[in-house]
file start-v4.pdb (PDB, C-alpha atoms)
ATOM      1  CA  MET A   1     -55.463  13.361 -39.931
ATOM      2  CA  SER A   2     -52.264  13.151 -37.862
ATOM      3  CA  PRO A   3     -50.199  16.343 -37.478
ATOM      4  CA  CYS A   4     -46.765  16.661 -39.010
ATOM      5  CA  PRO A   5     -44.131  15.303 -36.580
ATOM      6  CA  VAL A   6     -42.416  17.861 -34.361
ATOM      7  CA  PHE A   7     -38.668  18.125 -33.759
ATOM      8  CA  LEU A   8     -37.722  18.407 -30.058
ATOM      9  CA  LEU A   9     -34.845  20.720 -29.136
ATOM     10  CA  GLY A  10     -33.537  20.604 -25.563
ATOM     11  CA  THR A  11     -31.822  23.538 -23.871
ATOM     12  CA  VAL A  12     -30.069  24.270 -20.586
ATOM     13  CA  HIS A  13     -31.925  27.314 -19.298
ATOM     14  CA  ARG A  14     -28.850  28.987 -17.797
ATOM     15  CA  ASP A  15     -26.633  28.485 -20.858
ATOM     16  CA  PRO A  16     -24.799  31.850 -21.098
ATOM     17  CA  ASP A  17     -24.379  31.358 -24.854
ATOM     18  CA  GLY A  18     -27.924  30.096 -25.329
ATOM     19  CA  PHE A  19     -29.361  33.150 -27.085
ATOM     20  CA  ARG A  20     -26.676  33.226 -29.780
ATOM     21  CA  ARG A  21     -26.765  29.458 -30.225
ATOM     22  CA  LEU A  22     -30.527  29.360 -30.585
ATOM     23  CA  CYS A  23     -30.627  32.289 -33.023
ATOM     24  CA  VAL A  24     -28.131  30.476 -35.264
ATOM     25  CA  PHE A  25     -30.014  27.194 -34.915
ATOM     26  CA  LEU A  26     -33.359  28.777 -35.834
ATOM     27  CA  ARG A  27     -31.883  30.280 -38.988
ATOM     28  CA  ALA A  28     -30.474  26.886 -39.968
ATOM     29  CA  PHE A  29     -33.483  24.752 -39.043
ATOM     30  CA  ASP A  30     -35.976  27.243 -40.515
ATOM     31  CA  PRO A  31     -39.148  26.096 -38.671
ATOM     32  CA  ASP A  32     -42.586  27.242 -39.786
ATOM     33  CA  CYS A  33     -43.905  27.032 -36.205
ATOM     34  CA  ILE A  34     -42.092  27.326 -32.852
ATOM     35  CA  LEU A  35     -43.656  25.766 -29.754
ATOM     36  CA  LEU A  36     -41.959  27.228 -26.710
ATOM     37  CA  GLU A  37     -41.764  25.987 -23.117
ATOM     38  CA  CYS A  38     -42.817  29.354 -21.702
ATOM     39  CA  SER A  39     -46.161  30.445 -20.312
ATOM     40  CA  PRO A  40     -47.986  33.597 -21.441
ATOM     41  CA  TYR A  41     -48.420  34.554 -17.762
ATOM     42  CA  GLY A  42     -44.722  34.264 -16.964
ATOM     43  CA  MET A  43     -43.592  36.236 -20.004
ATOM     44  CA  GLU A  44     -46.150  39.000 -19.450
ATOM     45  CA  PHE A  45     -45.215  39.274 -15.767
ATOM     46  CA  ARG A  46     -41.539  39.693 -16.638
ATOM     47  CA  ARG A  47     -42.312  42.252 -19.356
ATOM     48  CA  LYS A  48     -44.471  44.370 -17.040
ATOM     49  CA  ASN A  49     -42.339  44.078 -13.911
ATOM     50  CA  GLY A  50     -38.858  43.547 -15.318
ATOM     51  CA  ARG A  51     -37.439  46.921 -14.280
ATOM     52  CA  ALA A  52     -38.857  46.716 -10.752
ATOM     53  CA  LEU A  53     -37.542  43.169 -10.345
ATOM     54  CA  GLN A  54     -34.036  44.171 -11.456
ATOM     55  CA  GLU A  55     -34.077  47.190  -9.132
ATOM     56  CA  ALA A  56     -35.136  45.008  -6.197
ATOM     57  CA  LEU A  57     -32.294  42.586  -6.896
ATOM     58  CA  ASN A  58     -29.751  45.392  -7.305
ATOM     59  CA  LYS A  59     -30.855  46.925  -3.999
ATOM     60  CA  ALA A  60     -30.437  43.583  -2.216
ATOM     61  CA  ILE A  61     -26.991  43.189  -3.805
ATOM     62  CA  ARG A  62     -25.860  46.639  -2.587
ATOM     63  CA  GLU A  63     -27.176  46.016   0.930
ATOM     64  CA  THR A  64     -25.439  42.640   1.057
ATOM     65  CA  SER A  65     -22.175  44.138  -0.154
ATOM     66  CA  ARG A  66     -22.265  46.800   2.566
ATOM     67  CA  GLY A  67     -23.590  44.554   5.325
ATOM     68  CA  CYS A  68     -21.090  41.738   4.718
ATOM     69  CA  ALA A  69     -18.149  43.969   3.746
ATOM     70  CA  LEU A  70     -17.892  42.133   0.440
ATOM     71  CA  PRO A  71     -16.810  43.727  -2.859
ATOM     72  CA  LEU A  72     -19.850  44.710  -4.892
ATOM     73  CA  ARG A  73     -18.451  42.929  -7.943
ATOM     74  CA  TYR A  74     -18.129  39.690  -5.954
ATOM     75  CA  VAL A  75     -21.813  39.750  -4.998
ATOM     76  CA  VAL A  76     -22.944  40.734  -8.497
ATOM     77  CA  LYS A  77     -20.915  37.945 -10.131
ATOM     78  CA  HIS A  78     -21.764  35.264  -7.573
ATOM     79  CA  PRO A  79     -23.148  32.181  -9.419
ATOM     80  CA  GLN A  80     -26.309  32.009  -7.315
ATOM     81  CA  VAL A  81     -27.015  35.727  -7.745
ATOM     82  CA  SER A  82     -26.470  35.404 -11.497
ATOM     83  CA  ALA A  83     -28.921  32.492 -11.516
ATOM     84  CA  ILE A  84     -31.546  34.652  -9.792
ATOM     85  CA  ARG A  85     -31.036  37.439 -12.326
ATOM     86  CA  ARG A  86     -31.537  34.977 -15.174
ATOM     87  CA  GLN A  87     -34.734  33.694 -13.589
ATOM     88  CA  ILE A  88     -36.364  37.133 -13.407
ATOM     89  CA  THR A  89     -35.234  38.062 -16.941
ATOM     90  CA  LEU A  90     -37.019  36.997 -20.119
ATOM     91  CA  PRO A  91     -35.546  33.560 -20.971
ATOM     92  CA  PHE A  92     -33.094  33.375 -23.850
ATOM     93  CA  GLU A  93     -35.366  30.835 -25.555
ATOM     94  CA  TYR A  94     -38.204  33.379 -25.624
ATOM     95  CA  ARG A  95     -35.965  36.234 -26.774
ATOM     96  CA  ALA A  96     -34.466  34.161 -29.593
ATOM     97  CA  ALA A  97     -37.877  32.884 -30.735
ATOM     98  CA  ARG A  98     -39.311  36.416 -30.643
ATOM     99  CA  ARG A  99     -36.384  37.701 -32.700
ATOM    100  CA  HIS A 100     -36.911  34.916 -35.248
ATOM    101  CA  HIS A 101     -40.625  35.747 -35.358
ATOM    102  CA  HIS A 102     -39.870  39.402 -36.132
ATOM    103  CA  LEU A 103     -37.410  38.420 -38.871
ATOM    104  CA  THR A 104     -39.504  35.747 -40.587
ATOM    105  CA  GLY A 105     -43.099  35.962 -39.365
ATOM    106  CA  THR A 106     -42.881  32.414 -37.984
ATOM    107  CA  PRO A 107     -45.637  31.946 -35.376
ATOM    108  CA  VAL A 108     -44.568  31.227 -31.807
ATOM    109  CA  LEU A 109     -46.853  29.389 -29.388
ATOM    110  CA  LEU A 110     -46.210  29.616 -25.638
ATOM    111  CA  VAL A 111     -47.261  26.184 -24.422
ATOM    112  CA  ASP A 112     -46.292  25.959 -20.738
ATOM    113  CA  HIS A 113     -48.788  25.812 -17.865
ATOM    114  CA  PRO A 114     -49.517  29.265 -16.338
ATOM    115  CA  LYS A 115     -49.884  27.665 -12.916
ATOM    116  CA  TRP A 116     -46.215  26.689 -13.044
ATOM    117  CA  SER A 117     -45.197  30.326 -13.523
ATOM    118  CA  ARG A 118     -47.484  31.496 -10.738
ATOM    119  CA  ILE A 119     -45.938  28.993  -8.327
ATOM    120  CA  TRP A 120     -42.402  30.170  -9.142
ATOM    121  CA  ILE A 121     -43.256  33.864  -9.116
ATOM    122  CA  ARG A 122     -44.940  33.541  -5.728
ATOM    123  CA  HIS A 123     -41.493  32.853  -4.251
ATOM    124  CA  TRP A 124     -39.733  35.763  -5.926
ATOM    125  CA  PRO A 125     -40.133  38.274  -3.045
ATOM    126  CA  HIS A 126     -38.097  35.905  -0.850
ATOM    127  CA  LEU A 127     -35.709  35.150  -3.698
ATOM    128  CA  LEU A 128     -34.949  38.865  -4.159
ATOM    129  CA  SER A 129     -34.701  39.693  -0.458
ATOM    130  CA  GLN A 130     -31.460  40.937   1.071
ATOM    131  CA  LYS A 131     -31.628  38.106   3.603
ATOM    132  CA  ASN A 132     -31.656  35.486   0.844
ATOM    133  CA  ILE A 133     -28.869  37.142  -1.160
ATOM    134  CA  GLN A 134     -26.708  37.402   1.955
ATOM    135  CA  THR A 135     -27.311  33.740   2.779
ATOM    136  CA  LEU A 136     -26.376  32.631  -0.729
ATOM    137  CA  VAL A 137     -23.140  34.599  -1.021
ATOM    138  CA  THR A 138     -21.869  33.584   2.429
ATOM    139  CA  LEU A 139     -22.450  29.840   2.052
ATOM    140  CA  LYS A 140     -19.593  27.645   0.917
ATOM    141  CA  ASN A 141     -19.615  25.352  -2.126
ATOM    142  CA  GLN A 142     -22.283  27.303  -3.990
ATOM    143  CA  ASP A 143     -20.732  26.947  -7.438
ATOM    144  CA  LEU A 144     -23.170  25.644 -10.029
ATOM    145  CA  PRO A 145     -22.138  22.787 -12.338
ATOM    146  CA  PRO A 146     -20.538  23.905 -15.617
ATOM    147  CA  ILE A 147     -22.890  24.105 -18.585
ATOM    148  CA  SER A 148     -20.781  21.562 -20.463
ATOM    149  CA  ARG A 149     -21.318  19.052 -17.658
ATOM    150  CA  ILE A 150     -25.075  19.562 -17.716
ATOM    151  CA  TYR A 151     -25.167  19.077 -21.481
ATOM    152  CA  ARG A 152     -23.186  15.842 -21.080
ATOM    153  CA  LEU A 153     -25.622  14.629 -18.427
ATOM    154  CA  ALA A 154     -28.559  15.608 -20.621
ATOM    155  CA  ALA A 155     -27.087  13.764 -23.605
ATOM    156  CA  ALA A 156     -26.648  10.601 -21.530
ATOM    157  CA  CYS A 157     -30.210  10.817 -20.231
ATOM    158  CA  ILE A 158     -31.731  11.397 -23.672
ATOM    159  CA  ASP A 159     -29.569   8.851 -25.500
ATOM    160  CA  ASN A 160     -29.663   6.034 -22.959
ATOM    161  CA  GLY A 161     -33.145   6.330 -21.498
ATOM    162  CA  PRO A 162     -34.392   6.069 -17.910
ATOM    163  CA  ALA A 163     -31.371   4.105 -16.645
ATOM    164  CA  ALA A 164     -29.216   7.183 -17.249
ATOM    165  CA  ASN A 165     -31.596   9.775 -15.815
ATOM    166  CA  GLY A 166     -29.993  12.417 -13.649
ATOM    167  CA  GLU A 167     -32.377  12.433 -10.725
ATOM    168  CA  SER A 168     -29.664  11.379  -8.274
ATOM    169  CA  LEU A 169     -27.833  14.635  -8.980
ATOM    170  CA  PRO A 170     -28.985  17.618  -6.862
ATOM    171  CA  PHE A 171     -29.188  20.082  -9.769
ATOM    172  CA  SER A 172     -31.354  17.814 -11.910
ATOM    173  CA  ARG A 173     -33.879  16.309  -9.511
ATOM    174  CA  TRP A 174     -37.349  16.067 -10.944
ATOM    175  CA  PRO A 175     -40.373  16.148  -8.604
ATOM    176  CA  HIS A 176     -42.866  13.304  -8.899
ATOM    177  CA  ASP A 177     -46.187  14.846  -7.951
ATOM    178  CA  ARG A 178     -49.616  15.459  -9.373
ATOM    179  CA  PHE A 179     -48.892  18.985 -10.535
ATOM    180  CA  THR A 180     -45.702  17.987 -12.357
ATOM    181  CA  LEU A 181     -47.739  15.336 -14.141
ATOM    182  CA  GLU A 182     -50.424  17.942 -14.910
ATOM    183  CA  ARG A 183     -47.788  20.282 -16.309
ATOM    184  CA  GLU A 184     -46.340  17.644 -18.649
ATOM    185  CA  GLN A 185     -49.837  16.737 -19.833
ATOM    186  CA  HIS A 186     -50.646  20.423 -20.407
ATOM    187  CA  LEU A 187     -47.488  20.878 -22.494
ATOM    188  CA  ALA A 188     -48.381  17.861 -24.628
ATOM    189  CA  LYS A 189     -51.985  19.000 -25.136
ATOM    190  CA  ARG A 190     -50.940  22.531 -26.098
ATOM    191  CA  ILE A 191     -48.353  21.205 -28.546
ATOM    192  CA  PHE A 192     -50.829  18.807 -30.136
ATOM    193  CA  SER A 193     -53.479  21.550 -30.299
ATOM    194  CA  GLY A 194     -51.023  23.946 -31.964
ATOM    195  CA  LEU A 195     -50.050  21.328 -34.529
ATOM    196  CA  GLN A 196     -53.695  20.606 -35.315
ATOM    197  CA  THR A 197     -54.643  24.285 -35.564
ATOM    198  CA  LEU A 198     -51.714  25.628 -37.593
ATOM    199  CA  ASP A 199     -50.887  22.418 -39.500
ATOM    200  CA  PRO A 200     -47.190  23.338 -39.838
ATOM    201  CA  LYS A 201     -44.865  21.290 -42.029
ATOM    202  CA  ARG A 202     -41.687  21.963 -40.034
ATOM    203  CA  PRO A 203     -42.715  22.428 -36.389
ATOM    204  CA  LEU A 204     -40.104  22.823 -33.662
ATOM    205  CA  PHE A 205     -40.460  22.490 -29.886
ATOM    206  CA  VAL A 206     -37.892  24.344 -27.767
ATOM    207  CA  GLY A 207     -37.727  23.592 -24.051
ATOM    208  CA  GLY A 208     -35.673  22.466 -21.094
ATOM    209  CA  TRP A 209     -33.824  19.212 -21.692
ATOM    210  CA  MET A 210     -35.492  17.340 -18.821
ATOM    211  CA  HIS A 211     -38.796  17.351 -20.715
ATOM    212  CA  LEU A 212     -37.050  15.319 -23.415
ATOM    213  CA  VAL A 213     -36.075  12.434 -21.131
ATOM    214  CA  TYR A 214     -38.480   9.514 -20.867
ATOM    215  CA  GLY A 215     -40.104   9.298 -17.434
ATOM    216  CA  VAL A 216     -39.279   6.786 -14.719
ATOM    217  CA  ASN A 217     -41.945   7.001 -12.020
ATOM    218  CA  GLN A 218     -44.385   9.002 -14.110
ATOM    219  CA  PRO A 219     -44.600  10.126 -17.760
ATOM    220  CA  ARG A 220     -42.869  13.199 -19.082
ATOM    221  CA  LEU A 221     -43.508  15.254 -22.188
ATOM    222  CA  ARG A 222     -41.518  12.982 -24.484
ATOM    223  CA  ASP A 223     -43.621   9.997 -23.404
ATOM    224  CA  TYR A 224     -46.825  11.854 -24.287
ATOM    225  CA  LEU A 225     -45.470  12.948 -27.674
ATOM    226  CA  LYS A 226     -44.298   9.491 -28.675
ATOM    227  CA  GLY A 227     -45.381   8.850 -32.251
ATOM    228  CA  ILE A 228     -45.588  12.509 -33.320
ATOM    229  CA  THR A 229     -41.891  13.450 -33.135
ATOM    230  CA  CYS A 230     -39.317  13.344 -35.932
ATOM    231  CA  GLY A 231     -36.209  13.808 -33.822
ATOM    232  CA  CYS A 232     -34.766  14.942 -30.507
ATOM    233  CA  ALA A 233     -31.483  16.759 -29.886
ATOM    234  CA  LEU A 234     -29.691  19.173 -27.583
ATOM    235  CA  LEU A 235     -28.839  22.730 -28.555
ATOM    236  CA  ASP A 236     -25.078  22.290 -28.138
ATOM    237  CA  ARG A 237     -25.049  19.146 -30.303
ATOM    238  CA  CYS A 238     -27.133  20.792 -33.006
ATOM    239  CA  MET A 239     -24.725  23.710 -33.062
ATOM    240  CA  ARG A 240     -21.915  21.301 -33.891
ATOM    241  CA  GLU A 241     -24.033  19.960 -36.753
ATOM    242  CA  VAL A 242     -24.587  23.491 -38.056
ATOM    243  CA  ARG A 243     -20.834  24.157 -38.030
ATOM    244  CA  ASN A 244     -19.984  20.808 -39.598
ATOM    245  CA  ARG A 245     -22.606  20.740 -42.349
ATOM    246  CA  GLY A 246     -23.892  24.256 -42.727
ATOM    247  CA  SER A 247     -27.369  22.729 -43.105
ATOM    248  CA  MET A 248     -29.989  21.142 -40.853
ATOM    249  CA  ASP A 249     -31.599  18.995 -43.552
ATOM    250  CA  GLU A 250     -29.933  15.805 -42.353
ATOM    251  CA  ILE A 251     -30.926  16.444 -38.726
ATOM    252  CA  ARG A 252     -34.556  17.180 -39.398
ATOM    253  CA  GLY A 253     -34.879  14.608 -42.182
ATOM    254  CA  ARG A 254     -36.989  16.839 -44.392
ATOM    255  CA  SER A 255     -36.442  18.961 -47.471
ATOM    256  CA  PRO A 256     -36.383  22.771 -47.330
ATOM    257  CA  ARG A 257     -39.788  24.312 -46.901
ATOM    258  CA  SER A 258     -41.612  26.636 -49.225
ATOM    259  CA  PRO A 259     -41.521  30.412 -48.575
ATOM    260  CA  LEU A 260     -43.315  31.709 -45.496
ATOM    261  CA  PRO A 261     -46.565  33.627 -45.732
ATOM    262  CA  SER A 262     -46.473  37.321 -44.956
ATOM    263  CA  PRO A 263     -45.883  38.150 -41.260
ATOM    264  CA  SER A 264     -49.133  40.120 -41.278
ATOM    265  CA  THR A 265     -51.114  36.940 -41.929
ATOM    266  CA  ASN A 266     -49.050  34.321 -40.130
ATOM    267  CA  GLY A 267     -46.955  36.171 -37.595
ATOM    268  CA  LEU A 268     -48.985  36.113 -34.411
ATOM    269  CA  LEU A 269     -46.985  35.691 -31.209
ATOM    270  CA  PHE A 270     -49.015  33.953 -28.524
TER     271      PHE A 270
END
call {"tool": "encode", "arguments": {"input": "start-v4.pdb", "output": "structure tokens"}}
result
Amino acid sequence: MSPCPVFLLGTVHRDPDGFRRLCVFLRAFDPDCILLECSPYGMEFRRKNGRALQEALNKAIRETSRGCALPLRYVVKHPQVSAIRRQITLPFEYRAARRHHHLTGTPVLLVDHPKWSRIWIRHWPHLLSQKNIQTLVTLKNQDLPPISRIYRLAAACIDNGPAANGESLPFSRWPHDRFTLEREQHLAKRIFSGLQTLDPKRPLFVGGWMHLVYGVNQPRLRDYLKGITCGCALLDRCMREVRNRGSMDEIRGRSPRSPLPSPSTNGLLF
């Protein structure tokens, strides 16, 4: 028996308004299962080491401020430093899904590949070093693209297919290698396994927008999920729908679900 189709929601990971937007969206969409592009390893590492990571970054910021005779506020607010702080903090997608789980009992499955987190985390000592922070804040032209621009790029890529993919833009390059392929396959397998195990009627996948673009040189997640999805949208677009309609029924194409089971029987957070 085929699982119920899953709705794909794309996010921009550094969206400063992402947590609020996603909390509102989850209330409106009312999923009975959330499949999240986070790995158990990465989330546990951040939970256990979050304070130490923040202290290491703050120390590097202070040393850079003194060593370069730069105002502390300038270093703290620098776009690249803010991006590092977001990376070592629990992602807004995870925090919003966890909040929704506590409010409703909706199960949350962390479906990303743990190897991906280990690869990123292996580079964090360099990322948090004073040498790296100093390099970043003294380089010119380090401004990151506005979130609105990234959402526009993402919309073009998702709506128009491979011809509109953003791989020519530095901030959206996508590596074509065996591990990237393995990661996309792992995401698809974990999603399919979660759908088969829990048999939800209103499943929702939440992840970075680039997973929702069809692949060019090799498949991506959306290619692997072809045939078991009921829709695909970006968080900023869905927020406009929430404001305009006050309901997600038209977006998801399904009627409101029946009441959730008790959190004690259906509220496990993986």
call {"tool": "resolve_selection", "arguments": {"input": "start-v4.pdb", "expression": "the PyMOL selection byres ((chain A and resi 63) around 12)", "output": "PDB file with C-alpha atoms, in the coordinates of the input"}}
result
ATOM      1  CA  ALA A  56     -35.136  45.008  -6.197  1.00  0.00           C
ATOM      2  CA  LEU A  57     -32.294  42.586  -6.896  1.00  0.00           C
ATOM      3  CA  ASN A  58     -29.751  45.392  -7.305  1.00  0.00           C
ATOM      4  CA  LYS A  59     -30.855  46.925  -3.999  1.00  0.00           C
ATOM      5  CA  ALA A  60     -30.437  43.583  -2.216  1.00  0.00           C
ATOM      6  CA  ILE A  61     -26.991  43.189  -3.805  1.00  0.00           C
ATOM      7  CA  ARG A  62     -25.860  46.639  -2.587  1.00  0.00           C
ATOM      8  CA  THR A  64     -25.439  42.640   1.057  1.00  0.00           C
ATOM      9  CA  SER A  65     -22.175  44.138  -0.154  1.00  0.00           C
ATOM     10  CA  ARG A  66     -22.265  46.800   2.566  1.00  0.00           C
ATOM     11  CA  GLY A  67     -23.590  44.554   5.325  1.00  0.00           C
ATOM     12  CA  CYS A  68     -21.090  41.738   4.718  1.00  0.00           C
ATOM     13  CA  ALA A  69     -18.149  43.969   3.746  1.00  0.00           C
ATOM     14  CA  LEU A  70     -17.892  42.133   0.440  1.00  0.00           C
ATOM     15  CA  PRO A  71     -16.810  43.727  -2.859  1.00  0.00           C
ATOM     16  CA  LEU A  72     -19.850  44.710  -4.892  1.00  0.00           C
ATOM     17  CA  VAL A  75     -21.813  39.750  -4.998  1.00  0.00           C
ATOM     18  CA  VAL A  76     -22.944  40.734  -8.497  1.00  0.00           C
ATOM     19  CA  LEU A 128     -34.949  38.865  -4.159  1.00  0.00           C
ATOM     20  CA  SER A 129     -34.701  39.693  -0.458  1.00  0.00           C
ATOM     21  CA  GLN A 130     -31.460  40.937   1.071  1.00  0.00           C
ATOM     22  CA  LYS A 131     -31.628  38.106   3.603  1.00  0.00           C
ATOM     23  CA  ASN A 132     -31.656  35.486   0.844  1.00  0.00           C
ATOM     24  CA  ILE A 133     -28.869  37.142  -1.160  1.00  0.00           C
ATOM     25  CA  GLN A 134     -26.708  37.402   1.955  1.00  0.00           C
TER      26      GLN A 134
END
call {"tool": "atom_distance", "arguments": {"input": "start-v4.pdb", "atom1": "atom CA of Leu198 of chain A", "atom2": "atom CA of Arg118 of chain A"}}
result
27.8 Å
call {"tool": "atom_distance", "arguments": {"input": "start-v4.pdb", "atom1": "atom CA of Leu110 of chain A", "atom2": "atom CA of Leu90 of chain A"}}
result
13.0 Å
call {"tool": "closest_residue", "arguments": {"input": "start-v4.pdb", "among": "A:Glu182, A:Asp17, A:Glu37, A:Asp236", "to": "Met210 of chain A", "atoms": "all atoms listed in the file"}}
result
A:Glu37
call {"tool": "residues_near_point", "arguments": {"input": "start-v4.pdb", "point": "(-29.7, 21.2, -29.9)", "cutoff": "10 Å", "atoms": "all atoms listed in the file", "output": "NGL selection string"}}
result
:A and (8-12 or 21-22 or 25 or 151 or 206 or 209 or 232-242)
call {"tool": "write_last_selection", "arguments": {"input": "start-v4.pdb", "atoms": "C-alpha atoms", "output": "mmCIF file, in the frame of the given file"}}
result
data_model
loop_
_atom_site.group_PDB
_atom_site.id
_atom_site.type_symbol
_atom_site.label_atom_id
_atom_site.label_comp_id
_atom_site.auth_asym_id
_atom_site.auth_seq_id
_atom_site.Cartn_x
_atom_site.Cartn_y
_atom_site.Cartn_z
ATOM 1 C CA LEU A 8 -37.722 18.407 -30.058
ATOM 2 C CA LEU A 9 -34.845 20.720 -29.136
ATOM 3 C CA GLY A 10 -33.537 20.604 -25.563
ATOM 4 C CA THR A 11 -31.822 23.538 -23.871
ATOM 5 C CA VAL A 12 -30.069 24.270 -20.586
ATOM 6 C CA ARG A 21 -26.765 29.458 -30.225
ATOM 7 C CA LEU A 22 -30.527 29.360 -30.585
ATOM 8 C CA PHE A 25 -30.014 27.194 -34.915
ATOM 9 C CA TYR A 151 -25.167 19.077 -21.481
ATOM 10 C CA VAL A 206 -37.892 24.344 -27.767
ATOM 11 C CA TRP A 209 -33.824 19.212 -21.692
ATOM 12 C CA CYS A 232 -34.766 14.942 -30.507
ATOM 13 C CA ALA A 233 -31.483 16.759 -29.886
ATOM 14 C CA LEU A 234 -29.691 19.173 -27.583
ATOM 15 C CA LEU A 235 -28.839 22.730 -28.555
ATOM 16 C CA ASP A 236 -25.078 22.290 -28.138
ATOM 17 C CA ARG A 237 -25.049 19.146 -30.303
ATOM 18 C CA CYS A 238 -27.133 20.792 -33.006
ATOM 19 C CA MET A 239 -24.725 23.710 -33.062
ATOM 20 C CA ARG A 240 -21.915 21.301 -33.891
ATOM 21 C CA GLU A 241 -24.033 19.960 -36.753
ATOM 22 C CA VAL A 242 -24.587 23.491 -38.056
#
call {"tool": "atom_distance", "arguments": {"input": "start-v4.pdb", "atom1": "atom CA of Ala96 of chain A", "atom2": "atom CA of Tyr214 of chain A"}}
result
26.5 Å
call {"tool": "closest_residue", "arguments": {"input": "start-v4.pdb", "among": "A:Pro3, A:Pro114, A:Gly50, A:Gly105", "to": "Gln87 of chain A", "atoms": "all atoms listed in the file"}}
result
A:Gly50
call {"tool": "residues_near_point", "arguments": {"input": "start-v4.pdb", "point": "(-52.0, 17.3, -40.1)", "cutoff": "12 Å", "atoms": "only C-alpha atoms", "output": "list in words"}}
result
Met1, Ser2, Pro3, Cys4, Pro5, Val6, Phe192, Ser193, Gly194, Leu195, Gln196, Thr197, Leu198, Asp199, Pro200, Lys201, Arg202, Pro203 and Ile228 of chain A
call {"tool": "resolve_selection", "arguments": {"input": "start-v4.pdb", "expression": "the PyMOL selection byres ((chain A and resi 39) around 8)", "output": "list of chain:residue names"}}
result
A:Glu37, A:Cys38, A:Pro40, A:Tyr41, A:Gly42, A:Met43, A:Leu110, A:Val111, A:Asp112, A:His113, A:Pro114, A:Ser117
call {"tool": "write_last_selection", "arguments": {"input": "start-v4.pdb", "atoms": "C-alpha atoms", "output": "mmCIF file, in the frame of the given file"}}
result
data_model
loop_
_atom_site.group_PDB
_atom_site.id
_atom_site.type_symbol
_atom_site.label_atom_id
_atom_site.label_comp_id
_atom_site.auth_asym_id
_atom_site.auth_seq_id
_atom_site.Cartn_x
_atom_site.Cartn_y
_atom_site.Cartn_z
ATOM 1 C CA GLU A 37 -41.764 25.987 -23.117
ATOM 2 C CA CYS A 38 -42.817 29.354 -21.702
ATOM 3 C CA PRO A 40 -47.986 33.597 -21.441
ATOM 4 C CA TYR A 41 -48.420 34.554 -17.762
ATOM 5 C CA GLY A 42 -44.722 34.264 -16.964
ATOM 6 C CA MET A 43 -43.592 36.236 -20.004
ATOM 7 C CA LEU A 110 -46.210 29.616 -25.638
ATOM 8 C CA VAL A 111 -47.261 26.184 -24.422
ATOM 9 C CA ASP A 112 -46.292 25.959 -20.738
ATOM 10 C CA HIS A 113 -48.788 25.812 -17.865
ATOM 11 C CA PRO A 114 -49.517 29.265 -16.338
ATOM 12 C CA SER A 117 -45.197 30.326 -13.523
#
